[in-house]
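Asker: After the structure tokens below, expect a handful of questions from me.
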Amino acid sequence: MKKSKMLKRFTFAVLVAMLFVTMAAPFSASAATVDGNIEVMPLLNNTLTTSETFVIDADGTANVRVSYVGYDGVTRSATVRVKIQKKVLFWWSDVDNGLEDNTWVIYMSGVDGSCIKTLALEDTGSYRAVIEYTITGSGGADDIIPATLYDDYK
């Protein structure tokens with residue numbers, strides 16, 4: 001076989017392999033967006049849903065609300081870690097909330113729970129709330145659910 005024919009076959013095989021990989025990628029993701037609005041998540045062991053909000057008031061008070069709903073008879077408790085960070089140049093820096101590691105650690109027991117944390121911000125800028133739920137129960141391994149929300153203080 002001529003070298004040019006072998007090169008064409010090799011190039012064709014590589015292109016087919018790349019096409020297969022790019023087509024299979026959306027099906028292997030852990031979450032997918034449908035219609036641009038609805039996020040389809042994998043089934044969790046102990047958690048039905050989580051919800052969180054992060055809003056900075058005009059006076060500079062940052063408000064973080066976290067909540068979870070589990071399965072009756074399955075979900076036992078949740079530990080939620082929350083920290084607020086400020087963007088400084090290109091990096092995110094923890095905002096001092098007076099606690100170790102600048103992190104609120106919130107313990108809640110039962111099938112559902114919610115909590116609000118507030119912090120007075122000293123400076124204007126771009127902020128984010130970094131949240132991690134660890135939800136335990138008899139449904140299997142603990143569910144670890146991250147969330148990050150953004151807001152600006154102007």
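Every chain in the structure tokens has a letter given in the order shown (A, B, ...), and although residue numbers restart at 1 in each chain, ligands are simply numbered from 1 in the order shown.
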Using only C-alpha atoms, what table do you get, as CSV, when you list each residue of stretch 112-148 of chain A with an atom no more than 12 Å from stretch 72-79 of chain A, its nearest pair of atoms, and their distance in Å rounded to one decimal, rows by chain then rising number?
Answerer:
residue,atom,partner,partner_atom,distance
A:Asp112,CA,A:Ser77,CA,8.0
A:Gly113,CA,A:Ala78,CA,8.1
A:Ser114,CA,A:Ala78,CA,9.9
A:Cys115,CA,A:Thr79,CA,11.2
A:Ile131,CA,A:Thr79,CA,10.5
A:Glu132,CA,A:Thr79,CA,8.2
A:Tyr133,CA,A:Thr79,CA,5.9
A:Thr134,CA,A:Thr79,CA,5.2
A:Ile135,CA,A:Ala78,CA,4.3
A:Thr136,CA,A:Ser77,CA,5.5
A:Gly137,CA,A:Thr75,CA,4.2
A:Ser138,CA,A:Val74,CA,5.1
A:Gly139,CA,A:Val74,CA,5.8
A:Gly140,CA,A:Val74,CA,9.3
A:Ala141,CA,A:Thr75,CA,11.3
A:Asp142,CA,A:Ala78,CA,9.4
A:Asp143,CA,A:Ala78,CA,9.3
A:Ile144,CA,A:Thr79,CA,9.6
A:Ile145,CA,A:Thr79,CA,10.6
A:Pro146,CA,A:Thr79,CA,12.0
Asker: Mind checking which residues fall within 6 Å of A:Val82, counting only C-alpha atoms, ignoring those fewer than 4 positions away in the same chain, and posting them as a PyMOL selection string?
Answerer: chain A and resi 103-104+130-131
Asker: In terms of the shortest atom-to-atom distance over only C-alpha atoms, which of A:Tyr68, A:Phe12, A:Tyr107, A:Tyr153 is closest to A:Ser51?
Answerer: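 Using only C-alpha atoms, the shortest distance to A:Ser51 belongs to A:Tyr68.
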Asker: Can you tell me how far atom CA of A:Val80 sits from atom CA of A:Val105, in Å to one decimal?
Answerer: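 One can read the atom CA of A:Val80 to atom CA of A:Val105 distance as 5.8 Å.
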Asker: Between atom CA of A:Ser126 and atom CA of A:Gln85, what is the spacing in Å?
Answerer: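 Pair atom CA of A:Gln85 / atom CA of A:Ser126 returns 8.6 Å.
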Asker: Might you pull out every residue within 8 Å of A:Arg128, with only C-alpha atoms counted and same-chain residues fewer than 4 positions away left off, and present them as an NGL selection string?
Answerer: :A and (54 or 84-86 or 148-151)
Asker: Using the selection just defined, write its residues with N, CA and C atoms as a PDB file, in the first residue's frame.
Answerer:
ATOM      1  N   PHE A  54     -27.804  33.671  47.587  1.00  0.00           N
ATOM      2  CA  PHE A  54     -26.750  34.573  48.053  1.00  0.00           C
ATOM      3  C   PHE A  54     -27.081  35.953  47.525  1.00  0.00           C
ATOM      4  N   ILE A  84     -17.720  32.893  52.437  1.00  0.00           N
ATOM      5  CA  ILE A  84     -17.864  33.998  51.491  1.00  0.00           C
ATOM      6  C   ILE A  84     -16.471  34.409  51.058  1.00  0.00           C
ATOM      7  N   GLN A  85     -16.329  34.620  49.759  1.00  0.00           N
ATOM      8  CA  GLN A  85     -15.048  35.024  49.203  1.00  0.00           C
ATOM      9  C   GLN A  85     -15.215  36.285  48.366  1.00  0.00           C
ATOM     10  N   LYS A  86     -14.156  37.104  48.337  1.00  0.00           N
ATOM     11  CA  LYS A  86     -14.139  38.325  47.529  1.00  0.00           C
ATOM     12  C   LYS A  86     -13.114  38.162  46.421  1.00  0.00           C
ATOM     13  N   THR A 148     -21.964  27.128  44.195  1.00  0.00           N
ATOM     14  CA  THR A 148     -21.283  28.415  44.269  1.00  0.00           C
ATOM     15  C   THR A 148     -22.190  29.459  43.648  1.00  0.00           C
ATOM     16  N   LEU A 149     -22.445  30.544  44.399  1.00  0.00           N
ATOM     17  CA  LEU A 149     -23.333  31.622  43.961  1.00  0.00           C
ATOM     18  C   LEU A 149     -22.572  32.940  44.001  1.00  0.00           C
ATOM     19  N   TYR A 150     -22.925  33.871  43.110  1.00  0.00           N
ATOM     20  CA  TYR A 150     -22.188  35.119  42.956  1.00  0.00           C
ATOM     21  C   TYR A 150     -23.112  36.323  43.128  1.00  0.00           C
ATOM     22  N   ASP A 151     -22.549  37.418  43.671  1.00  0.00           N
ATOM     23  CA  ASP A 151     -23.256  38.696  43.729  1.00  0.00           C
ATOM     24  C   ASP A 151     -22.224  39.809  43.867  1.00  0.00           C
TER      25      ASP A 151
END
Asker: Can you check which residues of stretch 20-138 of chain A DSSP gives as helix (DSSP H, G or I) on the backbone and send them as an MDAnalysis selection string?
Answerer: chainID A and resid 20:28 100:102
Asker: Write the selection just made, keeping N, CA and C atoms, as a PDB file, in the first residue's frame?
Answerer:
ATOM      1  N   PHE A  20     -16.547  10.291  17.472  1.00  0.00           N
ATOM      2  CA  PHE A  20     -17.173   9.419  18.469  1.00  0.00           C
ATOM      3  C   PHE A  20     -17.011   9.989  19.872  1.00  0.00           C
ATOM      4  N   VAL A  21     -15.813  10.463  20.195  1.00  0.00           N
ATOM      5  CA  VAL A  21     -15.551  11.013  21.531  1.00  0.00           C
ATOM      6  C   VAL A  21     -16.392  12.260  21.767  1.00  0.00           C
ATOM      7  N   THR A  22     -16.484  13.164  20.799  1.00  0.00           N
ATOM      8  CA  THR A  22     -17.261  14.390  20.998  1.00  0.00           C
ATOM      9  C   THR A  22     -18.752  14.106  21.070  1.00  0.00           C
ATOM     10  N   MET A  23     -19.218  13.086  20.390  1.00  0.00           N
ATOM     11  CA  MET A  23     -20.643  12.744  20.464  1.00  0.00           C
ATOM     12  C   MET A  23     -20.966  12.071  21.794  1.00  0.00           C
ATOM     13  N   ALA A  24     -20.039  11.290  22.345  1.00  0.00           N
ATOM     14  CA  ALA A  24     -20.287  10.559  23.585  1.00  0.00           C
ATOM     15  C   ALA A  24     -20.130  11.446  24.810  1.00  0.00           C
ATOM     16  N   ALA A  25     -19.408  12.554  24.720  1.00  0.00           N
ATOM     17  CA  ALA A  25     -19.121  13.406  25.877  1.00  0.00           C
ATOM     18  C   ALA A  25     -20.373  13.892  26.601  1.00  0.00           C
ATOM     19  N   PRO A  26     -21.413  14.405  25.905  1.00  0.00           N
ATOM     20  CA  PRO A  26     -22.574  14.882  26.646  1.00  0.00           C
ATOM     21  C   PRO A  26     -23.296  13.782  27.427  1.00  0.00           C
ATOM     22  N   PHE A  27     -23.173  12.546  27.008  1.00  0.00           N
ATOM     23  CA  PHE A  27     -23.863  11.459  27.676  1.00  0.00           C
ATOM     24  C   PHE A  27     -23.110  10.956  28.900  1.00  0.00           C
ATOM     25  N   SER A  28     -21.844  11.335  29.033  1.00  0.00           N
ATOM     26  CA  SER A  28     -21.063  10.862  30.162  1.00  0.00           C
ATOM     27  C   SER A  28     -20.960  11.892  31.275  1.00  0.00           C
ATOM     28  N   GLU A 100     -12.906  29.823  62.410  1.00  0.00           N
ATOM     29  CA  GLU A 100     -11.785  29.053  61.891  1.00  0.00           C
ATOM     30  C   GLU A 100     -12.001  28.774  60.408  1.00  0.00           C
ATOM     31  N   ASP A 101     -10.976  29.021  59.633  1.00  0.00           N
ATOM     32  CA  ASP A 101     -11.009  28.804  58.180  1.00  0.00           C
ATOM     33  C   ASP A 101     -12.063  29.689  57.505  1.00  0.00           C
ATOM     34  N   ASN A 102     -12.566  30.705  58.226  1.00  0.00           N
ATOM     35  CA  ASN A 102     -13.592  31.622  57.701  1.00  0.00           C
ATOM     36  C   ASN A 102     -14.789  30.866  57.131  1.00  0.00           C
TER      37      ASN A 102
END
Asker: With DSSP run on the backbone, what are the strand (DSSP E) residues within stretch 104-145 of chain A? I'd like them as an MDAnalysis selection string.
Answerer: chainID A and resid 104:109 112:120 125:137 143:145
Asker: Would you list the contacts of stretch 58-62 of chain A as a VMD selection string, taking every protein, DNA or RNA residue within 6 Å and counting only C-alpha atoms, but skipping same-chain residues closer than 4 positions in sequence?
Answerer: chain A and resid 118 to 121
Asker: Those same residues, written as a PDB file, in the first residue's frame with N, CA and C atoms?
Answerer:
ATOM      1  N   THR A 118     -25.562  35.726  57.900  1.00  0.00           N
ATOM      2  CA  THR A 118     -25.356  37.084  57.395  1.00  0.00           C
ATOM      3  C   THR A 118     -23.975  37.571  57.814  1.00  0.00           C
ATOM      4  N   LEU A 119     -23.429  38.476  57.004  1.00  0.00           N
ATOM      5  CA  LEU A 119     -22.121  39.046  57.288  1.00  0.00           C
ATOM      6  C   LEU A 119     -22.074  40.459  56.707  1.00  0.00           C
ATOM      7  N   ALA A 120     -21.635  41.408  57.519  1.00  0.00           N
ATOM      8  CA  ALA A 120     -21.462  42.788  57.047  1.00  0.00           C
ATOM      9  C   ALA A 120     -20.145  42.881  56.279  1.00  0.00           C
ATOM     10  N   LEU A 121     -20.238  43.276  55.026  1.00  0.00           N
ATOM     11  CA  LEU A 121     -19.052  43.403  54.185  1.00  0.00           C
ATOM     12  C   LEU A 121     -18.451  44.793  54.350  1.00  0.00           C
TER      13      LEU A 121
END
Asker: Just the number, please: distance in Å from atom CA of A:Val55 to atom CA of A:Trp92, one decimal.
Answerer: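 Atom-to-atom, atom CA of A:Val55 and atom CA of A:Trp92 are spaced 17.5 Å apart.
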Asker: Could you tell me which of A:Val88, A:Ala147, A:Glu122, A:Asp152 comes closest to A:Thr50 if we count only C-alpha atoms?
Answerer: A:Ala147
